[in-house]
file protein.cif (mmCIF, C-alpha atoms and all ligand atoms)
data_start
#
loop_
_atom_site.group_PDB
_atom_site.id
_atom_site.type_symbol
_atom_site.label_atom_id
_atom_site.label_comp_id
_atom_site.auth_asym_id
_atom_site.auth_seq_id
_atom_site.Cartn_x
_atom_site.Cartn_y
_atom_site.Cartn_z
ATOM 1 C CA MET C 1 0.000 0.000 0.000
ATOM 2 C CA GLU C 2 1.201 3.506 -0.766
ATOM 3 C CA TYR C 3 0.980 6.167 1.938
ATOM 4 C CA LEU C 4 1.303 9.799 0.960
ATOM 5 C CA ALA C 5 0.734 13.345 2.109
ATOM 6 C CA TYR C 6 -2.856 14.499 1.552
ATOM 7 C CA GLY C 7 -1.841 17.726 -0.177
ATOM 8 C CA LYS C 8 -0.676 20.331 2.320
ATOM 9 C CA THR C 9 -3.089 19.211 5.046
ATOM 10 C CA GLY C 10 -0.388 17.575 7.154
ATOM 11 C CA LEU C 11 -2.295 14.268 7.056
ATOM 12 C CA GLU C 12 -0.825 11.058 5.729
ATOM 13 C CA ILE C 13 -3.291 8.744 4.005
ATOM 14 C CA SER C 14 -3.368 5.416 2.223
ATOM 15 C CA ARG C 15 -3.858 6.029 -1.482
ATOM 16 C CA LEU C 16 -6.763 3.580 -1.487
ATOM 17 C CA CYS C 17 -9.586 5.155 0.467
ATOM 18 C CA PHE C 18 -12.449 3.050 1.807
ATOM 19 C CA GLY C 19 -15.578 4.861 0.635
ATOM 20 C CA ALA C 20 -17.900 3.566 3.318
ATOM 21 C CA GLY C 21 -21.072 5.131 1.952
ATOM 22 C CA ARG C 22 -22.420 1.843 0.715
ATOM 23 C CA ILE C 23 -21.548 -0.695 3.388
ATOM 24 C CA LYS C 24 -25.117 -0.745 4.691
ATOM 25 C CA ASN C 25 -26.055 -2.453 1.386
ATOM 26 C CA THR C 26 -24.248 -5.588 2.510
ATOM 27 C CA CYS C 27 -23.748 -5.232 6.254
ATOM 28 C CA ASP C 28 -26.965 -5.664 8.209
ATOM 29 C CA THR C 29 -25.413 -4.652 11.498
ATOM 30 C CA VAL C 30 -22.941 -2.141 12.868
ATOM 31 C CA GLU C 31 -20.752 -5.097 13.908
ATOM 32 C CA ALA C 32 -20.678 -6.532 10.377
ATOM 33 C CA GLY C 33 -19.756 -3.101 9.005
ATOM 34 C CA SER C 34 -17.009 -2.655 11.572
ATOM 35 C CA LYS C 35 -15.534 -6.050 10.671
ATOM 36 C CA LEU C 36 -15.339 -5.019 7.018
ATOM 37 C CA MET C 37 -13.568 -1.782 7.968
ATOM 38 C CA LEU C 38 -11.128 -3.672 10.210
ATOM 39 C CA LYS C 39 -10.388 -6.165 7.443
ATOM 40 C CA ALA C 40 -9.494 -3.250 5.164
ATOM 41 C CA LEU C 41 -7.293 -1.785 7.905
ATOM 42 C CA ASP C 42 -5.510 -5.149 8.219
ATOM 43 C CA GLU C 43 -4.819 -4.849 4.491
ATOM 44 C CA GLY C 44 -3.357 -1.376 4.963
ATOM 45 C CA VAL C 45 -6.342 0.846 4.107
ATOM 46 C CA THR C 46 -5.945 3.594 6.693
ATOM 47 C CA PHE C 47 -8.058 6.263 4.976
ATOM 48 C CA TRP C 48 -11.807 5.954 5.629
ATOM 49 C CA ASP C 49 -14.510 8.135 4.096
ATOM 50 C CA THR C 50 -18.075 8.430 5.353
ATOM 51 C CA ALA C 51 -20.792 11.060 5.906
ATOM 52 C CA GLU C 52 -23.491 11.706 8.438
ATOM 53 C CA GLY C 53 -26.021 11.251 5.645
ATOM 54 C CA TYR C 54 -24.871 7.721 4.795
ATOM 55 C CA GLY C 55 -25.821 6.358 8.205
ATOM 56 C CA THR C 56 -22.524 4.454 8.353
ATOM 57 C CA GLN C 57 -20.646 6.511 10.937
ATOM 58 C CA PRO C 58 -21.738 4.052 13.685
ATOM 59 C CA HIS C 59 -20.154 1.186 11.724
ATOM 60 C CA LEU C 60 -16.855 3.058 11.549
ATOM 61 C CA GLY C 61 -17.223 4.084 15.180
ATOM 62 C CA GLU C 62 -17.523 0.474 16.283
ATOM 63 C CA ALA C 63 -14.264 -0.252 14.419
ATOM 64 C CA VAL C 64 -12.564 2.843 15.875
ATOM 65 C CA ARG C 65 -13.497 1.644 19.361
ATOM 66 C CA GLN C 66 -11.379 -1.476 18.783
ATOM 67 C CA ILE C 67 -8.195 0.188 17.473
ATOM 68 C CA PHE C 68 -5.860 3.064 18.277
ATOM 69 C CA ARG C 69 -7.466 6.228 16.959
ATOM 70 C CA ASP C 70 -4.359 7.361 15.100
ATOM 71 C CA GLU C 71 -4.274 4.189 13.016
ATOM 72 C CA VAL C 72 -6.878 5.695 10.686
ATOM 73 C CA VAL C 73 -7.643 9.000 8.993
ATOM 74 C CA ILE C 74 -11.380 9.628 9.066
ATOM 75 C CA GLN C 75 -13.043 11.919 6.570
ATOM 76 C CA THR C 76 -16.725 12.639 7.070
ATOM 77 C CA LYS C 77 -19.236 15.154 5.730
ATOM 78 C CA THR C 78 -22.223 17.221 6.688
ATOM 79 C CA GLY C 79 -24.978 18.531 4.482
ATOM 80 C CA ALA C 80 -25.919 21.134 7.091
ATOM 81 C CA LYS C 81 -25.887 24.678 5.753
ATOM 82 C CA ASP C 82 -26.297 26.824 8.826
ATOM 83 C CA TYR C 83 -24.214 27.251 11.971
ATOM 84 C CA GLU C 84 -26.550 25.473 14.397
ATOM 85 C CA GLY C 85 -27.162 22.565 12.029
ATOM 86 C CA ALA C 86 -23.450 22.046 11.378
ATOM 87 C CA LYS C 87 -22.566 22.377 15.052
ATOM 88 C CA ALA C 88 -25.100 19.660 15.939
ATOM 89 C CA SER C 89 -23.884 17.513 13.051
ATOM 90 C CA ILE C 90 -20.266 17.729 14.258
ATOM 91 C CA THR C 91 -21.361 16.629 17.735
ATOM 92 C CA ARG C 92 -23.251 13.653 16.279
ATOM 93 C CA SER C 93 -20.312 12.689 14.051
ATOM 94 C CA LEU C 94 -17.922 12.693 16.999
ATOM 95 C CA GLN C 95 -20.336 10.531 19.001
ATOM 96 C CA GLU C 96 -21.131 8.086 16.196
ATOM 97 C CA LEU C 97 -17.487 7.750 15.192
ATOM 98 C CA GLN C 98 -16.490 7.295 18.850
ATOM 99 C CA THR C 99 -13.724 9.851 18.599
ATOM 100 C CA ASP C 100 -12.603 13.196 20.014
ATOM 101 C CA TYR C 101 -11.666 14.612 16.611
ATOM 102 C CA LEU C 102 -12.462 14.350 12.916
ATOM 103 C CA ASP C 103 -9.409 14.291 10.664
ATOM 104 C CA VAL C 104 -11.345 15.843 7.790
ATOM 105 C CA LEU C 105 -14.810 17.370 7.673
ATOM 106 C CA LEU C 106 -16.308 18.157 4.275
ATOM 107 C CA LEU C 107 -19.203 20.338 3.234
ATOM 108 C CA HIS C 108 -21.211 17.613 1.529
ATOM 109 C CA GLY C 109 -22.037 17.920 -2.162
ATOM 110 C CA ILE C 110 -21.347 21.528 -3.158
ATOM 111 C CA SER C 111 -23.006 21.921 -6.561
ATOM 112 C CA THR C 112 -22.564 25.609 -7.522
ATOM 113 C CA PRO C 113 -20.613 28.702 -6.378
ATOM 114 C CA GLU C 114 -23.862 29.981 -4.828
ATOM 115 C CA ASP C 115 -24.235 26.733 -2.917
ATOM 116 C CA LEU C 116 -20.759 27.270 -1.430
ATOM 117 C CA VAL C 117 -21.720 30.789 -0.326
ATOM 118 C CA SER C 118 -24.918 29.407 1.240
ATOM 119 C CA ARG C 119 -22.804 27.162 3.528
ATOM 120 C CA GLU C 120 -21.076 30.108 5.244
ATOM 121 C CA GLY C 121 -22.964 29.435 8.496
ATOM 122 C CA ALA C 122 -21.823 25.806 8.436
ATOM 123 C CA LEU C 123 -18.261 26.978 7.808
ATOM 124 C CA ASP C 124 -18.472 29.132 10.942
ATOM 125 C CA ALA C 125 -19.207 25.976 12.937
ATOM 126 C CA PHE C 126 -16.304 24.222 11.155
ATOM 127 C CA ARG C 127 -13.938 27.094 12.065
ATOM 128 C CA GLU C 128 -15.033 27.004 15.689
ATOM 129 C CA ALA C 129 -14.618 23.210 15.886
ATOM 130 C CA LYS C 130 -11.198 23.434 14.225
ATOM 131 C CA ALA C 131 -10.051 26.024 16.754
ATOM 132 C CA ALA C 132 -11.270 23.690 19.523
ATOM 133 C CA GLY C 133 -9.304 20.745 18.083
ATOM 134 C CA LYS C 134 -12.427 18.816 17.076
ATOM 135 C CA ILE C 135 -11.626 19.029 13.343
ATOM 136 C CA ARG C 136 -8.175 18.952 11.771
ATOM 137 C CA VAL C 137 -8.879 19.744 8.148
ATOM 138 C CA ILE C 138 -11.764 21.399 6.286
ATOM 139 C CA GLY C 139 -12.897 20.614 2.763
ATOM 140 C CA CYS C 140 -15.821 19.869 0.502
ATOM 141 C CA SER C 141 -17.147 17.316 -1.937
ATOM 142 C CA THR C 142 -18.514 18.447 -5.268
ATOM 143 C CA HIS C 143 -20.408 15.218 -5.973
ATOM 144 C CA ILE C 144 -20.873 14.907 -9.771
ATOM 145 C CA HIS C 145 -20.472 18.621 -10.518
ATOM 146 C CA THR C 146 -17.728 20.466 -12.355
ATOM 147 C CA GLY C 147 -17.292 23.861 -14.046
ATOM 148 C CA THR C 148 -17.664 27.052 -12.038
ATOM 149 C CA VAL C 149 -18.141 25.136 -8.800
ATOM 150 C CA MET C 150 -14.555 23.917 -9.157
ATOM 151 C CA ASP C 151 -13.298 27.506 -9.552
ATOM 152 C CA ALA C 152 -15.184 28.450 -6.386
ATOM 153 C CA VAL C 153 -13.895 25.642 -4.206
ATOM 154 C CA ILE C 154 -10.320 25.817 -5.527
ATOM 155 C CA ASP C 155 -10.168 29.570 -4.910
ATOM 156 C CA HIS C 156 -11.604 29.272 -1.383
ATOM 157 C CA PRO C 157 -8.602 29.616 0.963
ATOM 158 C CA GLU C 158 -10.130 27.534 3.758
ATOM 159 C CA ILE C 159 -11.039 24.547 1.581
ATOM 160 C CA GLU C 160 -8.032 22.276 2.050
ATOM 161 C CA VAL C 161 -9.486 19.098 0.547
ATOM 162 C CA ILE C 162 -11.709 18.420 -2.475
ATOM 163 C CA LEU C 163 -13.536 15.139 -3.129
ATOM 164 C CA ALA C 164 -14.613 15.161 -6.781
ATOM 165 C CA THR C 165 -15.944 12.743 -9.367
ATOM 166 C CA ALA C 166 -13.415 11.352 -11.839
ATOM 167 C CA ASN C 167 -13.444 8.247 -13.955
ATOM 168 C CA LYS C 168 -12.038 6.930 -17.212
ATOM 169 C CA GLU C 169 -14.849 8.243 -19.427
ATOM 170 C CA GLY C 170 -16.087 11.196 -17.408
ATOM 171 C CA ARG C 171 -19.358 9.395 -16.773
ATOM 172 C CA MET C 172 -21.823 11.003 -14.325
ATOM 173 C CA LEU C 173 -19.884 14.290 -14.563
ATOM 174 C CA GLU C 174 -22.158 17.320 -15.015
ATOM 175 C CA GLY C 175 -21.185 20.850 -16.046
ATOM 176 C CA GLY C 176 -18.154 20.303 -18.265
ATOM 177 C CA SER C 177 -15.911 17.884 -20.117
ATOM 178 C CA LEU C 178 -13.599 15.375 -18.450
ATOM 179 C CA ASP C 179 -10.534 17.140 -19.902
ATOM 180 C CA LYS C 180 -11.523 20.468 -18.369
ATOM 181 C CA HIS C 181 -12.401 18.757 -15.095
ATOM 182 C CA LEU C 182 -8.984 17.097 -14.961
ATOM 183 C CA ALA C 183 -7.406 20.512 -15.566
ATOM 184 C CA TYR C 184 -9.332 21.835 -12.525
ATOM 185 C CA ILE C 185 -8.089 18.902 -10.468
ATOM 186 C CA GLN C 186 -4.537 19.577 -11.651
ATOM 187 C CA ARG C 187 -4.843 23.237 -10.592
ATOM 188 C CA ALA C 188 -6.150 22.282 -7.168
ATOM 189 C CA TYR C 189 -3.389 19.694 -6.766
ATOM 190 C CA ASN C 190 -0.712 22.194 -7.810
ATOM 191 C CA ILE C 191 -1.686 24.626 -5.059
ATOM 192 C CA GLY C 192 -1.603 21.918 -2.408
ATOM 193 C CA LYS C 193 -5.247 20.926 -1.933
ATOM 194 C CA GLY C 194 -5.787 17.320 -0.911
ATOM 195 C CA ILE C 195 -7.534 15.539 -3.812
ATOM 196 C CA SER C 196 -9.792 12.495 -3.530
ATOM 197 C CA ILE C 197 -11.668 11.060 -6.493
ATOM 198 C CA MET C 198 -14.916 9.082 -6.436
ATOM 199 C CA LYS C 199 -17.336 7.482 -8.959
ATOM 200 C CA VAL C 200 -14.205 5.763 -10.246
ATOM 201 C CA VAL C 201 -16.311 2.703 -11.170
ATOM 202 C CA VAL C 202 -19.397 4.821 -11.944
ATOM 203 C CA ALA C 203 -21.195 3.725 -8.778
ATOM 204 C CA GLY C 204 -21.023 0.131 -10.008
ATOM 205 C CA ASP C 205 -22.401 0.800 -13.502
ATOM 206 C CA VAL C 206 -19.476 -0.872 -15.266
ATOM 207 C CA PRO C 207 -19.359 -4.528 -16.438
ATOM 208 C CA GLU C 208 -17.691 -6.627 -13.754
ATOM 209 C CA ALA C 209 -14.917 -7.787 -16.086
ATOM 210 C CA ASP C 210 -13.956 -4.151 -16.791
ATOM 211 C CA ILE C 211 -13.809 -3.009 -13.148
ATOM 212 C CA PRO C 212 -10.008 -3.509 -12.762
ATOM 213 C CA GLU C 213 -9.163 -1.244 -15.712
ATOM 214 C CA TRP C 214 -11.459 1.512 -14.428
ATOM 215 C CA ILE C 215 -9.830 1.289 -11.014
ATOM 216 C CA GLU C 216 -6.349 1.273 -12.580
ATOM 217 C CA TRP C 217 -7.259 4.468 -14.435
ATOM 218 C CA GLY C 218 -7.950 6.027 -11.035
ATOM 219 C CA PHE C 219 -4.637 4.897 -9.605
ATOM 220 C CA ASN C 220 -2.861 6.216 -12.717
ATOM 221 C CA LEU C 221 -4.241 9.702 -12.134
ATOM 222 C CA GLU C 222 -1.177 11.398 -10.672
ATOM 223 C CA THR C 223 -3.177 14.348 -9.380
ATOM 224 C CA ALA C 224 -5.356 12.152 -7.145
ATOM 225 C CA HIS C 225 -3.940 11.639 -3.671
ATOM 226 C CA ALA C 226 -6.725 9.206 -2.820
ATOM 227 C CA ILE C 227 -8.823 6.827 -4.873
ATOM 228 C CA ASN C 228 -12.144 6.499 -3.050
ATOM 229 C CA LEU C 229 -13.821 3.183 -3.851
ATOM 230 C CA GLY C 230 -17.214 2.248 -2.471
ATOM 231 C CA MET C 231 -16.247 -1.254 -1.390
ATOM 232 C CA THR C 232 -19.063 -3.302 0.127
ATOM 233 C CA ASP C 233 -17.660 -6.789 0.562
ATOM 234 C CA TYR C 234 -14.490 -8.794 1.171
ATOM 235 C CA PRO C 235 -13.814 -9.619 -2.526
ATOM 236 C CA HIS C 236 -13.878 -5.854 -3.283
ATOM 237 C CA ILE C 237 -11.228 -5.314 -0.605
ATOM 238 C CA THR C 238 -9.051 -8.097 -2.024
ATOM 239 C CA LEU C 239 -9.283 -6.791 -5.582
ATOM 240 C CA ASP C 240 -8.882 -3.102 -4.751
ATOM 241 C CA VAL C 241 -5.987 -3.622 -2.337
ATOM 242 C CA GLY C 242 -4.251 -5.779 -4.962
ATOM 243 C CA LEU C 243 -4.661 -3.025 -7.557
ATOM 244 C CA ALA C 244 -3.481 -0.395 -5.054
ATOM 245 C CA ARG C 245 -0.368 -2.415 -4.286
ATOM 246 C CA ALA C 246 0.406 -2.985 -7.970
ATOM 247 C CA SER C 247 0.008 0.738 -8.613
ATOM 248 C CA ALA C 248 2.276 1.597 -5.673
ATOM 249 C CA ARG C 249 4.969 -0.654 -7.091
ATOM 250 C CA ARG C 250 4.641 0.864 -10.589
ATOM 251 C CA ARG C 251 4.918 4.377 -9.170
ATOM 252 C CA LEU C 252 7.979 3.423 -7.131
ATOM 253 C CA ILE C 253 9.712 2.018 -10.210
ATOM 254 C CA GLN C 254 8.784 5.144 -12.217
ATOM 255 C CA ARG C 255 10.214 7.392 -9.507
ATOM 256 C CA LYS C 256 13.401 5.349 -9.372
ATOM 257 C CA ALA C 257 13.800 5.548 -13.145
ATOM 258 C CA ALA C 258 13.174 9.310 -13.233
HETATM 259 N N1 LIG S 301 -21.190 13.740 -2.687
HETATM 260 C C1 LIG S 301 -20.342 12.962 -2.075
HETATM 261 O O1 LIG S 301 -19.557 13.418 -1.271
HETATM 262 C C2 LIG S 301 -20.307 11.495 -2.377
HETATM 263 C C3 LIG S 301 -21.250 10.952 -3.236
HETATM 264 C C4 LIG S 301 -21.157 9.618 -3.522
HETATM 265 C C5 LIG S 301 -20.162 8.843 -2.959
HETATM 266 N N2 LIG S 301 -19.260 9.379 -2.102
HETATM 267 C C6 LIG S 301 -18.204 8.547 -1.471
HETATM 268 O O2 LIG S 301 -17.564 7.807 -2.467
HETATM 269 C C7 LIG S 301 -17.666 6.419 -2.150
HETATM 270 C C8 LIG S 301 -17.732 5.633 -3.414
HETATM 271 O O3 LIG S 301 -19.023 5.745 -3.960
HETATM 272 P P1 LIG S 301 -19.281 6.023 -5.475
HETATM 273 O O4 LIG S 301 -20.675 6.482 -5.608
HETATM 274 O O5 LIG S 301 -18.177 6.853 -5.990
HETATM 275 O O6 LIG S 301 -19.212 4.563 -6.083
HETATM 276 P P2 LIG S 301 -18.061 3.764 -6.812
HETATM 277 O O7 LIG S 301 -16.899 3.569 -5.937
HETATM 278 O O8 LIG S 301 -17.870 4.320 -8.190
HETATM 279 O O9 LIG S 301 -18.870 2.378 -6.989
HETATM 280 C C9 LIG S 301 -19.065 1.509 -5.905
HETATM 281 C C10 LIG S 301 -19.927 0.348 -6.340
HETATM 282 O O10 LIG S 301 -19.309 -0.313 -7.462
HETATM 283 C C11 LIG S 301 -19.535 -1.721 -7.377
HETATM 284 N N3 LIG S 301 -18.231 -2.415 -7.387
HETATM 285 C C12 LIG S 301 -17.971 -3.514 -8.127
HETATM 286 N N4 LIG S 301 -16.705 -3.916 -7.945
HETATM 287 C C13 LIG S 301 -16.136 -3.076 -7.056
HETATM 288 C C14 LIG S 301 -14.842 -3.009 -6.474
HETATM 289 N N5 LIG S 301 -13.877 -3.879 -6.781
HETATM 290 N N6 LIG S 301 -14.607 -2.013 -5.579
HETATM 291 C C15 LIG S 301 -15.555 -1.138 -5.264
HETATM 292 N N7 LIG S 301 -16.817 -1.147 -5.786
HETATM 293 C C16 LIG S 301 -17.102 -2.123 -6.688
HETATM 294 C C17 LIG S 301 -20.296 -1.964 -6.087
HETATM 295 O O11 LIG S 301 -21.669 -1.955 -6.410
HETATM 296 P P3 LIG S 301 -22.467 -3.305 -6.650
HETATM 297 O O12 LIG S 301 -22.175 -4.159 -5.472
HETATM 298 O O13 LIG S 301 -23.868 -2.830 -6.774
HETATM 299 O O14 LIG S 301 -21.895 -3.860 -7.925
HETATM 300 C C18 LIG S 301 -20.029 -0.708 -5.266
HETATM 301 O O15 LIG S 301 -21.073 -0.426 -4.377
HETATM 302 C C19 LIG S 301 -18.887 6.300 -1.254
HETATM 303 O O16 LIG S 301 -18.860 5.142 -0.503
HETATM 304 C C20 LIG S 301 -18.738 7.549 -0.463
HETATM 305 O O17 LIG S 301 -17.809 7.316 0.563
HETATM 306 C C21 LIG S 301 -19.322 10.708 -1.812
#

call {"tool": "encode", "arguments": {"input": "protein.cif", "output": "structure tokens"}}
result
Amino acid sequence: MEYLAYGKTGLEISRLCFGAGRIKNTCDTVEAGSKLMLKALDEGVTFWDTAEGYGTQPHLGEAVRQIFRDEVVIQTKTGAKDYEGAKASITRSLQELQTDYLDVLLLHGISTPEDLVSREGALDAFREAKAAGKIRVIGCSTHIHTGTVMDAVIDHPEIEVILATANKEGRMLEGGSLDKHLAYIQRAYNIGKGISIMKVVVAGDVPEADIPEWIEWGFNLETAHAINLGMTDYPHITLDVGLARASARRRLIQRKAA
């Protein structure tokens, strides 16, 4: 597994990120979900992504309870827009994740520049929680959106991390071409934002036999610090960890040759 700096955030992450938004599809209980997370950790996946809205924070929390907190980097999200809503959401996230701090908290699903402005109240709660040591890093996800929203979030000085859609054919992307979107990601990367990509296998809408090449495309994207894959079962972990390890080895050889 490759471990790398998440942009200029000061966090170190595994390049394969466990996108835990979908584990409720296959794990009936919090315990089953926690076992899946712990299996991934055993395989070296130290970067875990969730959101209050997914209802999977308790699954991660049950896993966190069984390990040392600093073994994992936890990224979660809130859709709250105002100060009070975000403040309450942060409190719930800390409780559900059984932790004193969130490594990364994202504004969930920013779709337009206006949407970012409308979250100013939530950002106030983020700032307060960061000053109190309850959040380490602030960021946003842009879900499937690109175009002017990317300008807005890249130019925002307090947004340290961006979770954006990116896959081999630009599927699901709305608001611009894949080439332009990748140029946005490059710009964000160049100025030190932490970059995670999602929808790498189009939320599962890719023939099973083609999944490895779509995932490899993600790992080949040099401007992505983290490849967020919505694993839901043990075979996914085996396949994705294998691809992550192969990619890490390729990148090491490339760096040595350079
Ligand atoms: N706005 C946001 O911030 C936002 C939105 C969406 C997702 N996310 C995050 O991104 C994560 C990934 O979700 P996504 O929507 O981008 O989906 P994705 O990773 O593109 O697709 C995940 C789905 O692909 C299928 N799949 C088949 N083989 C797989 C493999 N080897 N590894 C992983 N998945 C495989 C599974 O669905 P089947 O079992 O049905 O085949 C799985 O549920 C989420 O869990 C969440 O953490 C964030």

call {"tool": "closest_atom_pairs", "arguments": {"input": "protein.cif", "of": "chain C", "to": "ligand LIG 301 (chain S)", "cutoff": "7 Å", "atoms": "only C-alpha atoms and all ligand atoms", "output": "tab-separated table"}}
result
residue	atom	partner	partner_atom	distance
C:Phe18	CA	S:LIG301	O17	7.0
C:Gly19	CA	S:LIG301	O17	3.3
C:Ala20	CA	S:LIG301	O16	4.2
C:Gly21	CA	S:LIG301	O16	3.3
C:Arg22	CA	S:LIG301	O16	5.0
C:Asp49	CA	S:LIG301	O17	4.9
C:Thr50	CA	S:LIG301	O17	4.9
C:His108	CA	S:LIG301	O1	5.3
C:Gly109	CA	S:LIG301	N1	4.3
C:Ser141	CA	S:LIG301	O1	4.6
C:Thr142	CA	S:LIG301	N1	6.0
C:His143	CA	S:LIG301	N1	3.7
C:Leu163	CA	S:LIG301	O1	6.5
C:Met198	CA	S:LIG301	O5	4.0
C:Lys199	CA	S:LIG301	O5	3.1
C:Val200	CA	S:LIG301	O8	4.4
C:Val201	CA	S:LIG301	O8	3.7
C:Val202	CA	S:LIG301	O8	4.1
C:Ala203	CA	S:LIG301	O9	3.2
C:Gly204	CA	S:LIG301	O10	3.1
C:Asp205	CA	S:LIG301	O10	6.9
C:Glu208	CA	S:LIG301	C12	6.4
C:Ile211	CA	S:LIG301	N4	6.0
C:Asn228	CA	S:LIG301	C7	5.6
C:Leu229	CA	S:LIG301	O7	3.7
C:Gly230	CA	S:LIG301	C8	3.6
C:Met231	CA	S:LIG301	C15	3.9
C:Thr232	CA	S:LIG301	O15	5.7
C:His236	CA	S:LIG301	N5	4.0
C:Ile237	CA	S:LIG301	N6	6.9
C:Leu239	CA	S:LIG301	N5	5.6
C:Asp240	CA	S:LIG301	N5	5.4

call {"tool": "atom_distance", "arguments": {"input": "protein.cif", "atom1": "CA of Glu158 (chain C)", "atom2": "CA of Ala125 (chain C)"}}
result
13.0 Å

call {"tool": "residues_around", "arguments": {"input": "protein.cif", "residues": "Thr76 (chain C)", "least_positions_apart": "4", "cutoff": "9 Å", "atoms": "all atoms listed in the file", "output": "tab-separated table (two decimals) with C-alpha atoms, keeping the file's coordinate frame"}}
result
chain	number	residue	atom	x	y	z
C	48	TRP	CA	-11.81	5.95	5.63
C	49	ASP	CA	-14.51	8.14	4.10
C	50	THR	CA	-18.08	8.43	5.35
C	51	ALA	CA	-20.79	11.06	5.91
C	52	GLU	CA	-23.49	11.71	8.44
C	57	GLN	CA	-20.65	6.51	10.94
C	93	SER	CA	-20.31	12.69	14.05
C	102	LEU	CA	-12.46	14.35	12.92
C	103	ASP	CA	-9.41	14.29	10.66
C	104	VAL	CA	-11.34	15.84	7.79
C	105	LEU	CA	-14.81	17.37	7.67
C	106	LEU	CA	-16.31	18.16	4.28
C	107	LEU	CA	-19.20	20.34	3.23
C	108	HIS	CA	-21.21	17.61	1.53

call {"tool": "resolve_selection", "arguments": {"input": "protein.cif", "expression": "the PyMOL selection byres (((chain C and resi 25-39) around 6) and not hetatm)", "output": "number ranges by chain"}}
result
C: 22-24, 40-42, 59-60, 62-63

call {"tool": "atom_distance", "arguments": {"input": "protein.cif", "atom1": "CA of Val206 (chain C)", "atom2": "CA of Gly176 (chain C)"}}
result
21.4 Å

call {"tool": "resolve_selection", "arguments": {"input": "protein.cif", "expression": "the PyMOL selection byres (((chain C and resi 162) around 12) and not hetatm)", "output": "VMD selection string"}}
result
chain C and resid 6 to 7 9 75 77 104 to 110 137 to 143 145 to 146 149 to 156 158 to 161 163 to 166 184 to 189 192 to 198 223 to 226 228

call {"tool": "resolve_selection", "arguments": {"input": "protein.cif", "expression": "the PyMOL selection byres (((chain C and resi 119) around 12) and not hetatm)", "output": "ChimeraX atom specification"}}
result
/C:78-86,106-118,120-126,139-140,153

call {"tool": "write_last_selection", "arguments": {"input": "protein.cif", "atoms": "C-alpha atoms", "output": "compact mmCIF listing (two decimals), in the frame of the given file"}}
result
# COMPACT_ATOMS: atom_id res chain seq x y z
CA THR C 78 -22.22 17.22 6.69
CA GLY C 79 -24.98 18.53 4.48
CA ALA C 80 -25.92 21.13 7.09
CA LYS C 81 -25.89 24.68 5.75
CA ASP C 82 -26.30 26.82 8.83
CA TYR C 83 -24.21 27.25 11.97
CA GLU C 84 -26.55 25.47 14.40
CA GLY C 85 -27.16 22.56 12.03
CA ALA C 86 -23.45 22.05 11.38
CA LEU C 106 -16.31 18.16 4.28
CA LEU C 107 -19.20 20.34 3.23
CA HIS C 108 -21.21 17.61 1.53
CA GLY C 109 -22.04 17.92 -2.16
CA ILE C 110 -21.35 21.53 -3.16
CA SER C 111 -23.01 21.92 -6.56
CA THR C 112 -22.56 25.61 -7.52
CA PRO C 113 -20.61 28.70 -6.38
CA GLU C 114 -23.86 29.98 -4.83
CA ASP C 115 -24.24 26.73 -2.92
CA LEU C 116 -20.76 27.27 -1.43
CA VAL C 117 -21.72 30.79 -0.33
CA SER C 118 -24.92 29.41 1.24
CA GLU C 120 -21.08 30.11 5.24
CA GLY C 121 -22.96 29.44 8.50
CA ALA C 122 -21.82 25.81 8.44
CA LEU C 123 -18.26 26.98 7.81
CA ASP C 124 -18.47 29.13 10.94
CA ALA C 125 -19.21 25.98 12.94
CA PHE C 126 -16.30 24.22 11.16
CA GLY C 139 -12.90 20.61 2.76
CA CYS C 140 -15.82 19.87 0.50
CA VAL C 153 -13.90 25.64 -4.21

call {"tool": "closest_residue", "arguments": {"input": "protein.cif", "among": "C:Lys8, C:Arg15, C:Arg69, C:Lys130", "to": "Ile90 (chain C)", "atoms": "all atoms listed in the file"}}
result
C:Lys130
